[in-house]
Amino acid sequence: TIKLKKLGTYKFNYYVTNPNNNRVTKVTGKVVVKDTKKPKLTGVPTKRTLEYNTVRNLRNNIKSKLQSGKNMDSKIVVKVKVPGSANYVKLSSNTSKNYRFNKLGTYYVQYSVANPYNKKAVTTKTTTFVIRDTKAPNLSGVAAAKTLTCNDFLDLKAGVTAKLVSGVDVSSGIVIKVKVPGEQAFTTLTI
């Protein structure tokens, strides 16, 4: 019994000697060893939560080898299904190395690699990236210091907007607090 560690053709010679006249018979056998099993695919991350607009190398630490040990890293195909889409889109090598998550929701990232000696032997793994916008909102339109006359009206909400980094408008959540001269604390305005 031998372990077939290398790809290619093994030749086996069988010999038998006739003990009566020392004549030898030789028969040669051949075995062709191919690597036709599914490749190994490692390093695919588990589900991750990332911040909106994060740039990631989707190929970082993703490795693949055939059962025979041949490196298949360059043959890994990366596909992404963005939030709201029904289909996966294949990414180029450069795009997958600098991929920007610029939509809120769940991205599905699929890694696959096929055995070049058996196209039906494909290993596929999928992971998810949940994209959230958790940074402080941007508040704009707040007026600088003004001088007004007593009994004038001031619309504190006019032109004031608030947006998340992703562009989602959260102006309806603005709370305005006022500290009146002579008072110790701020009072929340009811709008």
# chains A, B, ... in the order shown; residues from 1 in each chain; ligands from 1
>>> residues_around(residues="A:Lys30", least_positions_apart="6", cutoff="7 Å", atoms="only C-alpha atoms", output="PyMOL selection string")
chain A and resi 9-12
>>> write_last_selection(atoms="N, CA and C atoms", output="PDB file, in the first residue's frame")
ATOM      1  N   THR A   9       1.031  10.412 -13.433  1.00  0.00           N
ATOM      2  CA  THR A   9       0.923   8.982 -13.714  1.00  0.00           C
ATOM      3  C   THR A   9       1.964   8.207 -12.921  1.00  0.00           C
ATOM      4  N   TYR A  10       1.475   7.281 -12.131  1.00  0.00           N
ATOM      5  CA  TYR A  10       2.347   6.351 -11.416  1.00  0.00           C
ATOM      6  C   TYR A  10       2.438   5.081 -12.261  1.00  0.00           C
ATOM      7  N   LYS A  11       3.639   4.543 -12.346  1.00  0.00           N
ATOM      8  CA  LYS A  11       3.824   3.264 -13.036  1.00  0.00           C
ATOM      9  C   LYS A  11       4.257   2.236 -12.004  1.00  0.00           C
ATOM     10  N   PHE A  12       3.676   1.075 -12.131  1.00  0.00           N
ATOM     11  CA  PHE A  12       3.986  -0.013 -11.206  1.00  0.00           C
ATOM     12  C   PHE A  12       4.435  -1.212 -12.022  1.00  0.00           C
TER      13      PHE A  12
END
>>> select_by_dssp(residues="stretch 14-131 of chain A", states="strand (DSSP E or B)", output="number ranges by chain")
A: 14-17, 24-33, 40-42, 48-51, 54-56, 63-65, 71, 77-81, 89-90, 99-101, 105-115, 118-131
>>> write_last_selection(atoms="C-alpha atoms", output="compact mmCIF listing (two decimals), in the first residue's frame")
# COMPACT_ATOMS: atom_id res chain seq x y z
CA TYR A 14 5.19 -6.36 -11.11
CA TYR A 15 7.79 -9.14 -11.35
CA VAL A 16 7.51 -12.81 -10.74
CA THR A 17 10.28 -15.37 -11.15
CA VAL A 24 11.04 -13.48 -15.06
CA THR A 25 7.68 -12.12 -16.07
CA LYS A 26 7.15 -8.39 -15.85
CA VAL A 27 3.77 -6.63 -16.05
CA THR A 28 3.45 -2.83 -15.87
CA GLY A 29 0.41 -1.10 -14.46
CA LYS A 30 -0.47 2.57 -14.51
CA VAL A 31 -2.53 4.75 -12.24
CA VAL A 32 -3.34 8.34 -13.13
CA VAL A 33 -3.78 10.55 -10.07
CA LYS A 40 -10.63 24.10 0.51
CA LEU A 41 -11.77 27.68 1.19
CA THR A 42 -10.74 29.31 4.47
CA ARG A 48 -20.02 41.43 10.81
CA THR A 49 -21.55 44.80 11.59
CA LEU A 50 -19.82 47.76 9.97
CA GLU A 51 -20.26 51.51 9.90
CA THR A 54 -16.62 51.63 5.47
CA VAL A 55 -14.05 50.43 2.90
CA ARG A 56 -12.93 46.80 3.24
CA LYS A 63 -7.30 31.40 1.13
CA SER A 64 -7.96 28.43 -1.11
CA LYS A 65 -6.07 25.25 -1.94
CA ASN A 71 -2.67 27.40 -4.22
CA VAL A 77 -14.50 34.65 -7.18
CA VAL A 78 -16.13 37.31 -4.99
CA LYS A 79 -19.76 38.31 -5.56
CA VAL A 80 -21.85 40.82 -3.62
CA LYS A 81 -25.59 41.26 -3.22
CA VAL A 89 -22.74 40.97 -8.84
CA LYS A 90 -19.24 39.62 -9.53
CA TYR A 99 -15.03 47.66 -1.51
CA ARG A 100 -17.12 50.52 -0.10
CA PHE A 101 -20.27 49.68 1.85
CA GLY A 105 -28.81 47.21 5.41
CA THR A 106 -27.44 43.71 4.91
CA TYR A 107 -24.88 42.86 2.23
CA TYR A 108 -24.36 39.23 1.25
CA VAL A 109 -20.81 38.40 0.15
CA GLN A 110 -20.27 35.09 -1.63
CA TYR A 111 -16.86 33.46 -2.11
CA SER A 112 -16.44 30.57 -4.52
CA VAL A 113 -13.61 28.64 -6.10
CA ALA A 114 -13.77 25.85 -8.67
CA ASN A 115 -11.36 22.99 -9.19
CA ASN A 118 -13.28 19.25 -12.35
CA LYS A 119 -15.50 22.29 -12.96
CA LYS A 120 -18.34 20.65 -11.01
CA ALA A 121 -16.22 20.61 -7.84
CA VAL A 122 -16.96 24.10 -6.50
CA THR A 123 -16.70 25.33 -2.93
CA THR A 124 -18.95 28.27 -2.02
CA LYS A 125 -19.24 30.14 1.27
CA THR A 126 -21.37 33.19 2.04
CA THR A 127 -21.16 35.76 4.81
CA THR A 128 -23.12 38.88 5.70
CA PHE A 129 -22.15 42.43 6.53
CA VAL A 130 -24.79 44.51 8.30
CA ILE A 131 -24.23 48.21 7.60
>>> residues_around(residues="A:Thr187", least_positions_apart="5", cutoff="9 Å", atoms="only C-alpha atoms", output="ChimeraX atom specification")
/A:176-180
>>> write_last_selection(atoms="N, CA and C atoms", output="mmCIF file, in the first residue's frame")
data_model
loop_
_atom_site.group_PDB
_atom_site.id
_atom_site.type_symbol
_atom_site.label_atom_id
_atom_site.label_comp_id
_atom_site.auth_asym_id
_atom_site.auth_seq_id
_atom_site.Cartn_x
_atom_site.Cartn_y
_atom_site.Cartn_z
ATOM 1 N N ILE A 176 -35.101 71.191 20.824
ATOM 2 C CA ILE A 176 -34.544 72.517 21.102
ATOM 3 C C ILE A 176 -34.770 72.845 22.568
ATOM 4 N N LYS A 177 -33.697 73.232 23.241
ATOM 5 C CA LYS A 177 -33.760 73.641 24.644
ATOM 6 C C LYS A 177 -33.300 75.090 24.733
ATOM 7 N N VAL A 178 -33.969 75.860 25.566
ATOM 8 C CA VAL A 178 -33.683 77.285 25.690
ATOM 9 C C VAL A 178 -33.402 77.629 27.152
ATOM 10 N N LYS A 179 -32.389 78.475 27.342
ATOM 11 C CA LYS A 179 -32.100 79.005 28.679
ATOM 12 C C LYS A 179 -32.436 80.501 28.631
ATOM 13 N N VAL A 180 -33.480 80.863 29.315
ATOM 14 C CA VAL A 180 -33.965 82.243 29.353
ATOM 15 C C VAL A 180 -33.090 83.036 30.320
#
>>> atom_distance(atom1="atom CA of A:Thr147", atom2="atom CA of A:Gly182")
17.8 Å
>>> select_by_dssp(residues="stretch 27-187 of chain A", states="helix (DSSP H, G or I)", output="PyMOL selection string")
chain A and resi 73-75+93-97+171-173
>>> write_last_selection(atoms="all heavy atoms", output="PDB file, in the first residue's frame")
ATOM      1  N   ASP A  73      -5.677  30.815  -4.508  1.00  0.00           N
ATOM      2  CA  ASP A  73      -6.110  32.140  -4.039  1.00  0.00           C
ATOM      3  C   ASP A  73      -6.521  33.056  -5.192  1.00  0.00           C
ATOM      4  O   ASP A  73      -7.520  33.770  -5.101  1.00  0.00           O
ATOM      5  CB  ASP A  73      -5.011  32.826  -3.223  1.00  0.00           C
ATOM      6  CG  ASP A  73      -4.713  32.120  -1.921  1.00  0.00           C
ATOM      7  OD1 ASP A  73      -5.446  31.172  -1.562  1.00  0.00           O
ATOM      8  OD2 ASP A  73      -3.745  32.522  -1.247  1.00  0.00           O
ATOM      9  N   SER A  74      -5.778  33.044  -6.271  1.00  0.00           N
ATOM     10  CA  SER A  74      -6.069  33.944  -7.397  1.00  0.00           C
ATOM     11  C   SER A  74      -7.329  33.532  -8.156  1.00  0.00           C
ATOM     12  O   SER A  74      -7.840  34.300  -8.974  1.00  0.00           O
ATOM     13  CB  SER A  74      -4.890  34.008  -8.352  1.00  0.00           C
ATOM     14  OG  SER A  74      -4.690  32.743  -8.963  1.00  0.00           O
ATOM     15  N   LYS A  75      -7.843  32.345  -7.892  1.00  0.00           N
ATOM     16  CA  LYS A  75      -9.029  31.848  -8.605  1.00  0.00           C
ATOM     17  C   LYS A  75     -10.323  32.066  -7.812  1.00  0.00           C
ATOM     18  O   LYS A  75     -11.394  31.683  -8.269  1.00  0.00           O
ATOM     19  CB  LYS A  75      -8.877  30.351  -8.909  1.00  0.00           C
ATOM     20  CG  LYS A  75      -7.637  30.006  -9.710  1.00  0.00           C
ATOM     21  CD  LYS A  75      -7.663  30.630 -11.080  1.00  0.00           C
ATOM     22  CE  LYS A  75      -6.441  30.191 -11.886  1.00  0.00           C
ATOM     23  NZ  LYS A  75      -6.266  30.948 -13.079  1.00  0.00           N
ATOM     24  N   SER A  93     -11.036  42.001  -9.162  1.00  0.00           N
ATOM     25  CA  SER A  93     -10.044  41.862  -8.091  1.00  0.00           C
ATOM     26  C   SER A  93      -9.803  43.193  -7.386  1.00  0.00           C
ATOM     27  O   SER A  93      -9.763  43.265  -6.167  1.00  0.00           O
ATOM     28  CB  SER A  93      -8.742  41.310  -8.657  1.00  0.00           C
ATOM     29  OG  SER A  93      -7.795  41.139  -7.634  1.00  0.00           O
ATOM     30  N   ASN A  94      -9.651  44.276  -8.169  1.00  0.00           N
ATOM     31  CA  ASN A  94      -9.403  45.597  -7.570  1.00  0.00           C
ATOM     32  C   ASN A  94     -10.592  46.084  -6.763  1.00  0.00           C
ATOM     33  O   ASN A  94     -10.431  46.621  -5.663  1.00  0.00           O
ATOM     34  CB  ASN A  94      -9.050  46.622  -8.650  1.00  0.00           C
ATOM     35  CG  ASN A  94      -7.649  46.426  -9.177  1.00  0.00           C
ATOM     36  OD1 ASN A  94      -6.810  45.782  -8.537  1.00  0.00           O
ATOM     37  ND2 ASN A  94      -7.391  46.960 -10.349  1.00  0.00           N
ATOM     38  N   THR A  95     -11.794  45.916  -7.291  1.00  0.00           N
ATOM     39  CA  THR A  95     -12.992  46.370  -6.581  1.00  0.00           C
ATOM     40  C   THR A  95     -13.157  45.612  -5.271  1.00  0.00           C
ATOM     41  O   THR A  95     -13.504  46.199  -4.252  1.00  0.00           O
ATOM     42  CB  THR A  95     -14.247  46.188  -7.462  1.00  0.00           C
ATOM     43  OG1 THR A  95     -14.051  46.897  -8.674  1.00  0.00           O
ATOM     44  CG2 THR A  95     -15.482  46.711  -6.771  1.00  0.00           C
ATOM     45  N   SER A  96     -12.897  44.306  -5.286  1.00  0.00           N
ATOM     46  CA  SER A  96     -13.072  43.523  -4.065  1.00  0.00           C
ATOM     47  C   SER A  96     -12.012  43.844  -3.013  1.00  0.00           C
ATOM     48  O   SER A  96     -12.208  43.593  -1.836  1.00  0.00           O
ATOM     49  CB  SER A  96     -13.073  42.023  -4.373  1.00  0.00           C
ATOM     50  OG  SER A  96     -11.832  41.611  -4.890  1.00  0.00           O
ATOM     51  N   LYS A  97     -10.897  44.433  -3.436  1.00  0.00           N
ATOM     52  CA  LYS A  97      -9.856  44.809  -2.465  1.00  0.00           C
ATOM     53  C   LYS A  97     -10.126  46.165  -1.823  1.00  0.00           C
ATOM     54  O   LYS A  97      -9.536  46.486  -0.794  1.00  0.00           O
ATOM     55  CB  LYS A  97      -8.484  44.816  -3.149  1.00  0.00           C
ATOM     56  CG  LYS A  97      -7.989  43.423  -3.459  1.00  0.00           C
ATOM     57  CD  LYS A  97      -6.632  43.448  -4.134  1.00  0.00           C
ATOM     58  CE  LYS A  97      -6.175  42.035  -4.468  1.00  0.00           C
ATOM     59  NZ  LYS A  97      -4.908  42.031  -5.193  1.00  0.00           N
ATOM     60  N   SER A 171     -34.291  65.325  10.807  1.00  0.00           N
ATOM     61  CA  SER A 171     -34.684  66.651  11.300  1.00  0.00           C
ATOM     62  C   SER A 171     -35.884  66.584  12.225  1.00  0.00           C
ATOM     63  O   SER A 171     -36.018  67.408  13.145  1.00  0.00           O
ATOM     64  CB  SER A 171     -34.994  67.587  10.127  1.00  0.00           C
ATOM     65  OG  SER A 171     -33.848  67.759   9.322  1.00  0.00           O
ATOM     66  N   SER A 172     -36.764  65.611  12.010  1.00  0.00           N
ATOM     67  CA  SER A 172     -37.960  65.503  12.853  1.00  0.00           C
ATOM     68  C   SER A 172     -37.594  65.155  14.292  1.00  0.00           C
ATOM     69  O   SER A 172     -38.410  65.324  15.200  1.00  0.00           O
ATOM     70  CB  SER A 172     -38.919  64.453  12.292  1.00  0.00           C
ATOM     71  OG  SER A 172     -38.298  63.180  12.313  1.00  0.00           O
ATOM     72  N   GLY A 173     -36.396  64.710  14.524  1.00  0.00           N
ATOM     73  CA  GLY A 173     -35.964  64.350  15.874  1.00  0.00           C
ATOM     74  C   GLY A 173     -35.217  65.460  16.601  1.00  0.00           C
ATOM     75  O   GLY A 173     -34.697  65.258  17.701  1.00  0.00           O
TER      76      GLY A 173
END
>>> atom_distance(atom1="atom CA of A:Ile174", atom2="atom CA of A:Ser140")
11.1 Å
>>> atom_distance(atom1="atom CA of A:Leu164", atom2="atom CA of A:Asn138")
6.2 Å
>>> closest_residue(among="A:Pro39, A:Ala144, A:Leu154, A:Asn20", to="A:Lys70", atoms="only C-alpha atoms")
A:Pro39
